[in-house]
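J.: This is the structure I have questions about; it appears just below.
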Amino acid sequence: MGIFRHRRDYELPEDWEDQVSSVVVRWFDYSVEERTTLRDLMVRLLGEKRWEAANRFTLTEEMRLIISAQAAMLILGLDWSAYRKVGDIIVHPTTLVLQGERASASMTGLVTDEPMAILGQADHEGGPVVLVWDEAERNARHPERGFNVVYHEFAHKIDMLDGLIDGTPPLATMELHERWVAACTAEFEAIRAGGGSHLLRDYAGTNAGEFFAVVTEVFFDQGIALQHDRPELYAVLSEFYRQDPAARERANR
């Protein structure tokens with residue numbers, strides 16, 4: 001199955017929630033009201049965005065449901081317009097290997113032609129979100145790992161809302177902006193220096209955009225741990241996303 005085109009009249013299958021909850025283990029951590037909002041966001045993701053299967057891969061409706069559920073969770077407290085920079089959603093079966101010359105991820109201003117394995121990509125405004133299915137499914141089943149390729153790539157699209165990929169999405173107030181910059185810069189520089197929170201993998205030190213995407217993964221998947229380890233970082237993320245994953249996690253233990 002190759003391409004799912006726009007369908008403004010898209011309707012979820014009757015057993016959609018069973019399909020989602022069987023893989024997305026945190027689904028029922030959300031309240032009935034929250035799940036209703038998530039459902040509405042999923043309908044828009046599935047009906048208004050163009051989905052494509054890569055490399056003759058069979059992209060099933062269940063796969064799209066599971067990916068869209070995770071993408072919806074990211075903007076539960078925001079607005080649908082947070083995904084206005086999302087173009088096509090392209091799904092590959094497994095890890096991709098990039099070939100050819102490109103900008104180096106680790107050295108600013110340099111290029112590299114070394115093959116690089118990736119699990120997803122969302123690197124320019126209006127461009128596609130590229131995901132690999134096996135990783136998206138694994139992450140949904142195991143949030144305790146703190147890795148989530150869907151959160152990561154869709155966070156890049158949120159970061160792009162102001163036209164820049166700089167790790168600072170549009171923030172509501174100058175006061176929040178100042179706290180955001182202080183908390184994120186301190187942690188980013190600590191990671192670059194070889195330290196930082198044990199919850200954030202080294203890839204967060206690649207650049208400010210990757211830092212935001214990585215910390216978004218940890219915020220949603222390991223909220224209690226991040227709040228305990230880096231309370232100010234957790235606080236600014238909670239204020240931006242208008243969600244409190246740590247409280248949700250505690251309530252459902």
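Here, A, B, ... name the chains of the structure tokens in the order displayed, residue numbers run from 1 inside each chain, and ligands are numbered from 1 in the same displayed order.
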Using only C-alpha atoms, I'd like a table of the residues in stretch 185-245 of chain A that come within 9 Å of stretch 166-174 of chain A; for each, show the closest atom pair and its distance in Å rounded to one decimal, ordered by chain and ascending number, as a tab-separated table.
T.:
```
residue	atom	partner	partner_atom	distance
A:Asn207	CA	A:Asp166	CA	8.0
A:Ala208	CA	A:Gly167	CA	4.7
A:Gly209	CA	A:Gly167	CA	4.2
A:Glu210	CA	A:Gly167	CA	7.2
A:Phe211	CA	A:Gly167	CA	6.6
A:Phe212	CA	A:Gly167	CA	4.9
A:Ala213	CA	A:Gly167	CA	7.8
A:Phe240	CA	A:Leu171	CA	6.6
```
J.: Any idea what's packed within 9 Å of stretch 24-27 of chain A, counting only C-alpha atoms, ignoring anything in its chain fewer than 4 positions away? Could you give it as a PyMOL selection string?
T.: chain A and resi 17+19-20+35+66+69-70+137+139-143+221+249
J.: Fewer than 2 positions away in the same chain doesn't count, so skip those; otherwise give me all residues within 12 Å of A:Gln227, counting only C-alpha atoms, as number ranges by chain.
T.: A: 197, 199, 215, 218-225, 229-238, 244-247, 249-250
J.: Please dump the current selection as a short mmCIF file (atom, residue, chain, number, x, y, z; two decimals), in the first residue's frame; keep N, CA, C and O atoms.
T.:
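What landed in again04.cif:
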```cif
data_model
loop_
_atom_site.label_atom_id
_atom_site.label_comp_id
_atom_site.auth_asym_id
_atom_site.auth_seq_id
_atom_site.Cartn_x
_atom_site.Cartn_y
_atom_site.Cartn_z
N SER A 197 22.43 15.72 32.45
CA SER A 197 21.56 14.71 33.04
C SER A 197 21.82 13.33 32.43
O SER A 197 21.98 13.19 31.21
N LEU A 199 19.69 11.25 32.00
CA LEU A 199 18.50 10.89 31.24
C LEU A 199 18.61 11.27 29.77
O LEU A 199 17.89 10.72 28.93
N VAL A 215 15.06 16.16 24.52
CA VAL A 215 14.47 16.44 25.83
C VAL A 215 12.95 16.30 25.78
O VAL A 215 12.32 15.94 26.78
N VAL A 218 12.21 12.63 26.46
CA VAL A 218 12.35 12.29 27.88
C VAL A 218 11.23 12.92 28.71
O VAL A 218 10.71 12.30 29.63
N PHE A 219 10.85 14.14 28.38
CA PHE A 219 9.78 14.82 29.09
C PHE A 219 8.49 14.00 29.07
O PHE A 219 7.83 13.82 30.09
N PHE A 220 8.12 13.48 27.91
CA PHE A 220 6.87 12.74 27.79
C PHE A 220 6.99 11.30 28.28
O PHE A 220 6.01 10.74 28.79
N ASP A 221 8.16 10.69 28.13
CA ASP A 221 8.29 9.27 28.48
C ASP A 221 8.83 9.03 29.88
O ASP A 221 8.54 7.99 30.49
N GLN A 222 9.61 9.95 30.42
CA GLN A 222 10.21 9.78 31.74
C GLN A 222 10.02 11.05 32.58
O GLN A 222 10.96 11.60 33.14
N GLY A 223 8.76 11.48 32.62
CA GLY A 223 8.44 12.76 33.26
C GLY A 223 8.85 12.84 34.71
O GLY A 223 9.45 13.83 35.14
N ILE A 224 8.55 11.82 35.50
CA ILE A 224 8.89 11.84 36.93
C ILE A 224 10.40 11.95 37.11
O ILE A 224 10.89 12.76 37.92
N ALA A 225 11.13 11.16 36.36
CA ALA A 225 12.59 11.16 36.48
C ALA A 225 13.18 12.51 36.08
O ALA A 225 14.08 13.03 36.76
N ASP A 229 15.25 15.11 38.40
CA ASP A 229 16.66 15.35 38.06
C ASP A 229 16.94 16.77 37.60
O ASP A 229 17.98 17.34 37.94
N ARG A 230 16.02 17.35 36.82
CA ARG A 230 16.20 18.70 36.28
C ARG A 230 14.88 19.47 36.40
O ARG A 230 14.17 19.68 35.42
N PRO A 231 14.51 19.88 37.62
CA PRO A 231 13.19 20.49 37.84
C PRO A 231 12.92 21.74 37.00
O PRO A 231 11.80 21.93 36.53
N GLU A 232 13.92 22.61 36.83
CA GLU A 232 13.66 23.83 36.05
C GLU A 232 13.48 23.51 34.57
O GLU A 232 12.64 24.10 33.89
N LEU A 233 14.25 22.56 34.06
CA LEU A 233 14.09 22.13 32.68
C LEU A 233 12.70 21.52 32.47
O LEU A 233 12.01 21.84 31.51
N TYR A 234 12.30 20.67 33.40
CA TYR A 234 10.96 20.08 33.33
C TYR A 234 9.89 21.17 33.38
O TYR A 234 8.90 21.12 32.63
N ALA A 235 10.08 22.16 34.23
CA ALA A 235 9.08 23.21 34.42
C ALA A 235 8.85 24.01 33.14
O ALA A 235 7.70 24.31 32.79
N VAL A 236 9.91 24.37 32.43
CA VAL A 236 9.72 25.17 31.22
C VAL A 236 9.09 24.34 30.11
O VAL A 236 8.26 24.85 29.33
N LEU A 237 9.44 23.06 30.04
CA LEU A 237 8.80 22.18 29.06
C LEU A 237 7.31 22.01 29.38
O LEU A 237 6.46 22.05 28.48
N SER A 238 7.00 21.85 30.66
CA SER A 238 5.60 21.69 31.07
C SER A 238 4.80 22.94 30.75
O SER A 238 3.65 22.85 30.30
N ASP A 244 1.56 17.95 32.04
CA ASP A 244 2.34 17.54 33.21
C ASP A 244 2.46 16.02 33.20
O ASP A 244 1.74 15.32 33.93
N PRO A 245 3.34 15.47 32.36
CA PRO A 245 3.46 14.02 32.27
C PRO A 245 3.83 13.35 33.59
O PRO A 245 3.41 12.22 33.84
N ALA A 246 4.59 14.03 34.43
CA ALA A 246 4.96 13.45 35.72
C ALA A 246 3.73 13.22 36.59
O ALA A 246 3.57 12.15 37.20
N ALA A 247 2.84 14.18 36.64
CA ALA A 247 1.61 14.04 37.42
C ALA A 247 0.74 12.93 36.84
O ALA A 247 0.13 12.14 37.57
N GLU A 249 1.78 10.35 35.14
CA GLU A 249 2.44 9.09 35.43
C GLU A 249 2.21 8.67 36.88
O GLU A 249 1.93 7.48 37.16
N ARG A 250 2.30 9.61 37.81
CA ARG A 250 2.07 9.28 39.23
C ARG A 250 0.63 8.80 39.47
O ARG A 250 0.40 7.87 40.23
#
```
J.: Which residues are near A:Arg44? Cut-off 10 Å, only C-alpha atoms, ignore same chain within fewer than 2 positions. Put them as a PyMOL selection string.
T.: chain A and resi 6-11+38-42+46-49+68+72+80
J.: For those residues, write all heavy atoms to a file as a short mmCIF file (atom, residue, chain, number, x, y, z; two decimals), in the first residue's frame.
T.:
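Result saved to part.cif:
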```cif
data_model
loop_
_atom_site.label_atom_id
_atom_site.label_comp_id
_atom_site.auth_asym_id
_atom_site.auth_seq_id
_atom_site.Cartn_x
_atom_site.Cartn_y
_atom_site.Cartn_z
N HIS A 6 -5.19 12.87 1.05
CA HIS A 6 -6.05 13.66 1.93
C HIS A 6 -7.49 13.16 1.85
O HIS A 6 -8.03 12.92 0.77
CB HIS A 6 -6.03 15.13 1.50
CG HIS A 6 -4.69 15.76 1.57
ND1 HIS A 6 -4.37 16.73 2.48
CD2 HIS A 6 -3.56 15.55 0.85
CE1 HIS A 6 -3.11 17.10 2.30
NE2 HIS A 6 -2.61 16.41 1.32
N ARG A 7 -8.11 13.01 3.03
CA ARG A 7 -9.53 12.63 3.09
C ARG A 7 -10.18 13.45 4.19
O ARG A 7 -10.11 13.11 5.36
CB ARG A 7 -9.69 11.14 3.38
CG ARG A 7 -9.43 10.23 2.21
CD ARG A 7 -9.69 8.79 2.60
NE ARG A 7 -11.02 8.63 3.20
CZ ARG A 7 -11.35 7.55 3.91
NH1 ARG A 7 -10.49 6.59 4.11
NH2 ARG A 7 -12.57 7.47 4.42
N ARG A 8 -10.80 14.53 3.82
CA ARG A 8 -11.43 15.41 4.81
C ARG A 8 -12.55 14.70 5.56
O ARG A 8 -12.91 15.09 6.67
CB ARG A 8 -11.99 16.66 4.12
CG ARG A 8 -10.92 17.54 3.48
CD ARG A 8 -10.16 18.34 4.52
NE ARG A 8 -9.15 19.17 3.90
CZ ARG A 8 -8.38 20.03 4.55
NH1 ARG A 8 -8.51 20.13 5.87
NH2 ARG A 8 -7.49 20.75 3.93
N ASP A 9 -13.11 13.64 4.95
CA ASP A 9 -14.20 12.92 5.58
C ASP A 9 -13.70 11.67 6.31
O ASP A 9 -14.47 10.76 6.60
CB ASP A 9 -15.24 12.51 4.54
CG ASP A 9 -14.65 11.59 3.44
OD1 ASP A 9 -13.40 11.54 3.33
OD2 ASP A 9 -15.43 10.94 2.74
N TYR A 10 -12.41 11.63 6.62
CA TYR A 10 -11.83 10.44 7.25
C TYR A 10 -12.53 10.11 8.57
O TYR A 10 -12.83 11.01 9.37
CB TYR A 10 -10.34 10.65 7.51
CG TYR A 10 -9.70 9.48 8.24
CD1 TYR A 10 -9.26 8.36 7.53
CD2 TYR A 10 -9.60 9.47 9.62
CE1 TYR A 10 -8.72 7.27 8.19
CE2 TYR A 10 -9.06 8.38 10.29
CZ TYR A 10 -8.63 7.28 9.56
OH TYR A 10 -8.10 6.20 10.22
N GLU A 11 -12.81 8.84 8.77
CA GLU A 11 -13.39 8.36 10.03
C GLU A 11 -12.53 7.23 10.58
O GLU A 11 -12.06 6.37 9.82
CB GLU A 11 -14.83 7.87 9.81
CG GLU A 11 -15.81 8.97 9.44
CD GLU A 11 -17.23 8.46 9.34
OE1 GLU A 11 -17.45 7.28 9.68
OE2 GLU A 11 -18.10 9.23 8.92
N LEU A 38 -7.39 13.77 21.86
CA LEU A 38 -6.40 13.01 21.08
C LEU A 38 -7.05 12.37 19.85
O LEU A 38 -6.49 12.38 18.76
CB LEU A 38 -5.75 11.93 21.95
CG LEU A 38 -4.81 12.42 23.05
CD1 LEU A 38 -4.37 11.27 23.93
CD2 LEU A 38 -3.58 13.12 22.46
N ARG A 39 -8.24 11.82 20.04
CA ARG A 39 -8.96 11.22 18.91
C ARG A 39 -9.19 12.25 17.82
O ARG A 39 -8.98 11.97 16.62
CB ARG A 39 -10.31 10.67 19.40
CG ARG A 39 -11.17 10.05 18.29
CD ARG A 39 -12.63 10.01 18.71
NE ARG A 39 -13.17 11.36 18.89
CZ ARG A 39 -14.25 11.64 19.59
NH1 ARG A 39 -14.92 10.69 20.21
NH2 ARG A 39 -14.68 12.89 19.69
N ASP A 40 -9.64 13.45 18.18
CA ASP A 40 -9.90 14.49 17.20
C ASP A 40 -8.63 14.90 16.47
O ASP A 40 -8.65 15.15 15.25
CB ASP A 40 -10.53 15.71 17.87
CG ASP A 40 -11.92 15.43 18.44
OD1 ASP A 40 -12.53 14.42 18.03
OD2 ASP A 40 -12.38 16.22 19.28
N LEU A 41 -7.52 14.96 17.18
CA LEU A 41 -6.24 15.30 16.56
C LEU A 41 -5.80 14.18 15.62
O LEU A 41 -5.25 14.45 14.54
CB LEU A 41 -5.18 15.55 17.62
CG LEU A 41 -5.37 16.81 18.47
CD1 LEU A 41 -4.42 16.80 19.67
CD2 LEU A 41 -5.13 18.07 17.62
N MET A 42 -6.01 12.95 16.01
CA MET A 42 -5.68 11.82 15.15
C MET A 42 -6.46 11.87 13.85
O MET A 42 -5.90 11.62 12.76
CB MET A 42 -5.95 10.50 15.87
CG MET A 42 -4.98 10.18 17.00
SD MET A 42 -5.52 8.74 17.97
CE MET A 42 -5.48 7.44 16.71
N LEU A 46 -4.67 11.96 10.26
CA LEU A 46 -4.91 10.88 9.31
C LEU A 46 -5.67 11.36 8.07
O LEU A 46 -5.48 10.83 6.97
CB LEU A 46 -5.68 9.75 9.99
CG LEU A 46 -4.88 9.01 11.07
CD1 LEU A 46 -5.80 8.19 11.96
CD2 LEU A 46 -3.84 8.12 10.43
N GLY A 47 -6.51 12.36 8.23
CA GLY A 47 -7.33 12.82 7.12
C GLY A 47 -6.75 13.98 6.34
O GLY A 47 -7.03 14.12 5.15
N GLU A 48 -5.93 14.82 7.00
CA GLU A 48 -5.46 16.04 6.35
C GLU A 48 -4.00 15.99 5.91
O GLU A 48 -3.59 16.81 5.09
CB GLU A 48 -5.68 17.24 7.28
CG GLU A 48 -7.15 17.49 7.58
CD GLU A 48 -7.37 18.69 8.49
OE1 GLU A 48 -6.51 19.59 8.53
OE2 GLU A 48 -8.40 18.71 9.19
N LYS A 49 -3.24 15.06 6.44
CA LYS A 49 -1.85 14.91 6.03
C LYS A 49 -1.73 13.77 5.03
O LYS A 49 -2.50 12.81 5.06
CB LYS A 49 -0.94 14.64 7.24
CG LYS A 49 -0.98 15.73 8.30
CD LYS A 49 -0.53 17.09 7.79
CE LYS A 49 -0.58 18.16 8.87
NZ LYS A 49 -0.18 19.49 8.38
N SER A 68 -0.04 8.18 14.59
CA SER A 68 -0.81 9.42 14.78
C SER A 68 -1.19 9.62 16.24
O SER A 68 -1.25 10.77 16.71
CB SER A 68 -2.06 9.43 13.90
OG SER A 68 -2.96 8.40 14.27
N ALA A 72 -0.21 12.96 18.20
CA ALA A 72 -1.27 13.76 18.83
C ALA A 72 -0.93 14.08 20.27
O ALA A 72 -1.23 15.18 20.76
CB ALA A 72 -2.60 13.02 18.74
N TRP A 80 -3.93 22.72 16.93
CA TRP A 80 -3.65 22.00 15.69
C TRP A 80 -2.64 22.73 14.82
O TRP A 80 -1.86 22.12 14.10
CB TRP A 80 -4.95 21.77 14.92
CG TRP A 80 -4.75 21.24 13.53
CD1 TRP A 80 -5.01 21.88 12.36
CD2 TRP A 80 -4.24 19.95 13.17
NE1 TRP A 80 -4.70 21.09 11.29
CE2 TRP A 80 -4.23 19.89 11.75
CE3 TRP A 80 -3.80 18.85 13.89
CZ2 TRP A 80 -3.78 18.77 11.05
CZ3 TRP A 80 -3.35 17.72 13.20
CH2 TRP A 80 -3.35 17.69 11.79
#
```
J.: What lies within 12 Å of A:Ala136 using only C-alpha atoms, ignoring chain neighbours under 2 positions off, as a ChimeraX atom specification?
T.: /A:23-24,63-71,91-95,119-120,130-134,138-143,147-153
J.: Write a file of the selected residues as an mmCIF file, in the first residue's frame, keeping C-alpha atoms.
T.:
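Produced file part_20.cif, reproduced below:
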```
data_model
loop_
_atom_site.group_PDB
_atom_site.id
_atom_site.type_symbol
_atom_site.label_atom_id
_atom_site.label_comp_id
_atom_site.auth_asym_id
_atom_site.auth_seq_id
_atom_site.Cartn_x
_atom_site.Cartn_y
_atom_site.Cartn_z
ATOM 1 C CA VAL A 23 0.668 -0.970 21.390
ATOM 2 C CA VAL A 24 0.748 2.527 22.943
ATOM 3 C CA MET A 63 0.420 1.529 11.834
ATOM 4 C CA ARG A 64 -0.965 4.933 10.953
ATOM 5 C CA LEU A 65 -3.208 4.866 14.025
ATOM 6 C CA ILE A 66 -0.278 4.100 16.330
ATOM 7 C CA ILE A 67 1.944 6.782 14.820
ATOM 8 C CA SER A 68 -0.805 9.417 14.783
ATOM 9 C CA ALA A 69 -1.734 8.673 18.402
ATOM 10 C CA GLN A 70 1.818 9.419 19.526
ATOM 11 C CA ALA A 71 2.050 12.536 17.366
ATOM 12 C CA VAL A 91 7.087 5.608 6.793
ATOM 13 C CA HIS A 92 9.927 3.151 6.174
ATOM 14 C CA PRO A 93 9.951 -0.389 7.527
ATOM 15 C CA THR A 94 13.253 -0.141 9.413
ATOM 16 C CA THR A 95 16.482 1.836 9.895
ATOM 17 C CA LEU A 119 15.507 6.312 12.560
ATOM 18 C CA GLY A 120 13.706 9.427 11.356
ATOM 19 C CA VAL A 130 10.243 10.510 7.865
ATOM 20 C CA LEU A 131 9.841 7.657 10.366
ATOM 21 C CA VAL A 132 10.777 3.986 10.600
ATOM 22 C CA TRP A 133 7.954 1.753 11.691
ATOM 23 C CA ASP A 134 9.779 -0.840 13.790
ATOM 24 C CA ARG A 138 9.088 -0.357 19.892
ATOM 25 C CA ASN A 139 9.032 3.113 21.453
ATOM 26 C CA ALA A 140 5.249 3.005 21.947
ATOM 27 C CA ARG A 141 5.559 -0.308 23.783
ATOM 28 C CA HIS A 142 8.520 0.758 25.952
ATOM 29 C CA PRO A 143 8.244 4.403 27.091
ATOM 30 C CA PHE A 147 13.348 7.077 23.277
ATOM 31 C CA ASN A 148 10.536 8.018 20.907
ATOM 32 C CA VAL A 149 11.186 8.684 17.237
ATOM 33 C CA VAL A 150 7.665 10.058 16.666
ATOM 34 C CA TYR A 151 8.020 12.615 19.462
ATOM 35 C CA HIS A 152 11.510 13.470 18.247
ATOM 36 C CA GLU A 153 10.668 14.196 14.615
#
```
J.: Give the helix (DSSP H, G or I) residues of stretch 32-251 of chain A, as assigned by DSSP on the backbone, as an MDAnalysis selection string.
T.: chainID A and resid 32:48 61:74 80:83 133:141 143:145 149:162 174:192 202:205 208:221 223:229 231:241 245:251
